[in-house]
>>> print(open('final_24.cif').read())   # mmCIF, C-alpha atoms and all ligand atoms
data_my_file
loop_
_atom_site.group_PDB
_atom_site.id
_atom_site.type_symbol
_atom_site.label_atom_id
_atom_site.label_comp_id
_atom_site.auth_asym_id
_atom_site.auth_seq_id
_atom_site.Cartn_x
_atom_site.Cartn_y
_atom_site.Cartn_z
ATOM 1 C CA MET A 16 -46.472 3.729 32.176
ATOM 2 C CA PRO A 17 -44.061 5.904 34.113
ATOM 3 C CA ILE A 18 -40.373 5.549 33.387
ATOM 4 C CA ILE A 19 -37.926 5.165 36.257
ATOM 5 C CA LYS A 20 -34.467 6.434 35.474
ATOM 6 C CA ILE A 21 -31.776 5.063 37.735
ATOM 7 C CA LEU A 22 -28.538 6.977 37.961
ATOM 8 C CA PRO A 23 -25.374 4.901 37.695
ATOM 9 C CA HIS A 24 -24.435 2.939 40.816
ATOM 10 C CA ALA A 25 -21.171 1.015 40.866
ATOM 11 C CA GLU A 26 -22.714 -2.172 42.210
ATOM 12 C CA TYR A 27 -26.320 -2.282 41.048
ATOM 13 C CA CYS A 28 -26.237 -0.660 37.621
ATOM 14 C CA PRO A 29 -22.868 0.788 36.603
ATOM 15 C CA GLU A 30 -24.261 2.312 33.427
ATOM 16 C CA GLY A 31 -27.476 3.592 34.942
ATOM 17 C CA ALA A 32 -30.771 2.219 33.689
ATOM 18 C CA GLU A 33 -34.213 3.157 32.470
ATOM 19 C CA ILE A 34 -37.136 0.910 33.292
ATOM 20 C CA THR A 35 -40.903 1.162 33.216
ATOM 21 C CA ALA A 36 -43.442 -0.066 35.722
ATOM 22 C CA PRO A 37 -47.166 0.411 36.085
ATOM 23 C CA ALA A 38 -48.466 3.184 38.370
ATOM 24 C CA GLY A 39 -49.181 1.666 41.780
ATOM 25 C CA THR A 40 -45.945 -0.331 41.836
ATOM 26 C CA SER A 41 -43.352 0.489 44.470
ATOM 27 C CA ILE A 42 -39.982 1.644 43.207
ATOM 28 C CA CYS A 43 -38.339 -1.258 45.043
ATOM 29 C CA GLU A 44 -40.531 -3.842 43.281
ATOM 30 C CA ALA A 45 -39.895 -2.207 39.935
ATOM 31 C CA LEU A 46 -36.123 -2.288 40.454
ATOM 32 C CA LEU A 47 -36.109 -5.917 41.537
ATOM 33 C CA GLU A 48 -38.296 -6.962 38.633
ATOM 34 C CA ASN A 49 -35.727 -5.437 36.333
ATOM 35 C CA ASP A 50 -32.759 -7.196 37.902
ATOM 36 C CA ILE A 51 -31.521 -4.202 39.834
ATOM 37 C CA GLU A 52 -30.988 -6.009 43.090
ATOM 38 C CA ILE A 53 -31.361 -3.206 45.580
ATOM 39 C CA GLU A 54 -31.170 -4.363 49.185
ATOM 40 C CA HIS A 55 -34.524 -4.945 50.845
ATOM 41 C CA ALA A 56 -33.599 -6.532 54.142
ATOM 42 C CA CYS A 57 -37.076 -6.432 55.695
ATOM 43 C CA GLU A 58 -38.781 -7.757 52.545
ATOM 44 C CA MET A 59 -40.464 -4.428 51.890
ATOM 45 C CA SER A 60 -42.322 -4.199 55.160
ATOM 46 C CA CYS A 61 -41.082 -0.720 56.118
ATOM 47 C CA ALA A 62 -38.872 -1.989 58.925
ATOM 48 C CA CYS A 63 -35.329 -1.338 57.706
ATOM 49 C CA THR A 64 -33.727 1.376 55.603
ATOM 50 C CA THR A 65 -31.720 -0.686 53.177
ATOM 51 C CA CYS A 66 -34.009 0.118 50.230
ATOM 52 C CA HIS A 67 -33.337 3.861 50.583
ATOM 53 C CA VAL A 68 -33.224 5.884 47.354
ATOM 54 C CA VAL A 69 -32.928 9.597 46.714
ATOM 55 C CA VAL A 70 -35.523 10.888 44.275
ATOM 56 C CA ARG A 71 -33.848 13.354 41.904
ATOM 57 C CA GLN A 72 -36.907 14.061 39.776
ATOM 58 C CA GLY A 73 -40.611 13.430 40.145
ATOM 59 C CA TYR A 74 -40.729 13.323 43.957
ATOM 60 C CA ALA A 75 -44.150 14.941 44.072
ATOM 61 C CA SER A 76 -45.682 12.294 41.836
ATOM 62 C CA LEU A 77 -45.015 9.519 44.369
ATOM 63 C CA GLY A 78 -47.486 8.583 47.080
ATOM 64 C CA GLU A 79 -46.850 10.537 50.287
ATOM 65 C CA PRO A 80 -44.537 8.982 52.879
ATOM 66 C CA ASP A 81 -46.290 7.998 56.102
ATOM 67 C CA GLU A 82 -44.962 8.582 59.581
ATOM 68 C CA ALA A 83 -43.365 5.165 59.944
ATOM 69 C CA GLU A 84 -41.367 5.750 56.782
ATOM 70 C CA GLU A 85 -40.300 9.233 57.882
ATOM 71 C CA ASP A 86 -39.095 7.877 61.224
ATOM 72 C CA LEU A 87 -37.087 5.117 59.603
ATOM 73 C CA LEU A 88 -35.593 7.415 57.003
ATOM 74 C CA ASP A 89 -33.972 9.406 59.772
ATOM 75 C CA ARG A 90 -31.681 6.442 60.231
ATOM 76 C CA ALA A 91 -30.798 5.953 56.574
ATOM 77 C CA TRP A 92 -27.260 6.490 55.343
ATOM 78 C CA GLY A 93 -26.936 9.660 53.249
ATOM 79 C CA LEU A 94 -30.385 11.071 53.984
ATOM 80 C CA GLU A 95 -31.506 13.925 51.709
ATOM 81 C CA PRO A 96 -34.706 15.993 51.599
ATOM 82 C CA THR A 97 -36.057 13.865 48.763
ATOM 83 C CA SER A 98 -35.058 10.509 50.240
ATOM 84 C CA ARG A 99 -37.618 7.700 50.217
ATOM 85 C CA LEU A 100 -37.749 4.083 51.218
ATOM 86 C CA SER A 101 -38.219 2.616 47.785
ATOM 87 C CA CYS A 102 -40.502 -0.162 49.025
ATOM 88 C CA GLN A 103 -42.905 2.505 50.299
ATOM 89 C CA ALA A 104 -42.614 4.899 47.357
ATOM 90 C CA ILE A 105 -45.490 4.128 45.040
ATOM 91 C CA LEU A 106 -45.276 5.290 41.450
ATOM 92 C CA GLY A 107 -47.854 7.724 40.169
ATOM 93 C CA ARG A 108 -48.252 8.689 36.531
ATOM 94 C CA ASP A 109 -45.103 10.725 36.101
ATOM 95 C CA ASP A 110 -41.586 9.619 35.332
ATOM 96 C CA VAL A 111 -39.085 9.667 38.161
ATOM 97 C CA THR A 112 -35.314 9.708 38.435
ATOM 98 C CA VAL A 113 -33.744 7.986 41.421
ATOM 99 C CA GLU A 114 -30.275 7.578 42.796
ATOM 100 C CA ILE A 115 -29.367 4.578 44.902
ATOM 101 C CA PRO A 116 -27.057 5.876 47.638
ATOM 102 C CA LYS A 117 -23.549 4.529 47.670
ATOM 103 C CA TYR A 118 -24.037 2.759 50.971
ATOM 104 C CA SER A 119 -26.909 1.350 52.949
ATOM 105 C CA ILE A 120 -26.957 1.234 56.703
ATOM 106 C CA ASN A 121 -25.691 -2.364 56.496
ATOM 107 C CA HIS A 122 -22.599 -1.340 54.551
ATOM 108 C CA ALA A 123 -22.107 1.621 56.815
ATOM 109 C CA LYS A 124 -21.994 -0.648 59.840
ATOM 110 C CA GLU A 125 -19.561 -3.052 58.263
ATOM 111 C CA ASN A 126 -17.095 -0.703 56.646
ATOM 112 C CA HIS A 127 -17.344 2.796 58.055
HETATM 113 S S1 LIG A 201 -37.115 -3.059 52.315
HETATM 114 FE FE1 LIG A 201 -37.031 -2.568 54.397
HETATM 115 S S2 LIG A 201 -37.886 -0.584 54.472
HETATM 116 FE FE2 LIG A 201 -37.936 -1.092 52.365
#
>>> encode(input="final_24.cif", output="structure tokens", more="lines below")
Ligand code: FES
Amino acid sequence: MPIIKILPHAEYCPEGAEITAPAGTSICEALLENDIEIEHACEMSCACTTCHVVVRQGYASLGEPDEAEEDLLDRAWGLEPTSRLSCQAILGRDDVTVEIPKYSINHAKENH
């Protein structure tokens, strides 16, 4: 099973974390199943951007983003070339390292 390494995030996992999930699982599901309560405002239906993560390693092993995801990502806070919506990023066989951005679009609206 691929390992997902999560870099430290002050709110969700201050120490960072390492979890495993079967190939075919979305990164968002895997995080939630392991008590890393990433936001997922649209319940993983590819209609918000709150589940945004930046993939630091293993990007190519994930299922390709479709157009709807690409369009939404344009609105995500802190977009990077290897950004994904974690509810749409399906694990392949390889390990991945992800970073949960400091803010989501919800935070950004409230505080910035
Ligand atoms: S939870 Fe809304 S796009 Fe992933």
>>> closest_residue(input="final_24.cif", among="A:Val69, A:Leu88, A:Ala32, A:Ala56", to="ligand LIG 201 (chain A)", atoms="all atoms listed in the file")
A:Ala56
>>> resolve_selection(input="final_24.cif", expression="the PyMOL selection byres (((not hetatm)) within 9 of (chain A and resi 201))", output="list in words")
Cys43, Ile53, Glu54, His55, Ala56, Cys57, Glu58, Met59, Ser60, Cys61, Ala62, Cys63, Thr64, Thr65, Cys66, His67, Glu84, Leu87, Leu88, Leu100, Ser101, Cys102 and Gln103 of chain A
>>> closest_residue(input="final_24.cif", among="A:Ala75, A:Ile34, A:Ala45, A:Cys28", to="A:Asp109", atoms="all atoms listed in the file")
A:Ala75
>>> closest_residue(input="final_24.cif", among="A:Ile115, A:Ala83, A:Ile105, A:Ile120", to="A:Gly31", atoms="all atoms listed in the file")
A:Ile115
>>> closest_residue(input="final_24.cif", among="A:Glu85, A:Leu22, A:Ala104, A:Glu95", to="A:Glu44", atoms="all atoms listed in the file")
A:Ala104
>>> atom_distance(input="final_24.cif", atom1="atom CA of A:Asp50", atom2="atom CA of A:Pro23")
14.2 Å
>>> atom_distance(input="final_24.cif", atom1="atom CA of A:Arg90", atom2="atom CA of A:Asn121")
11.3 Å
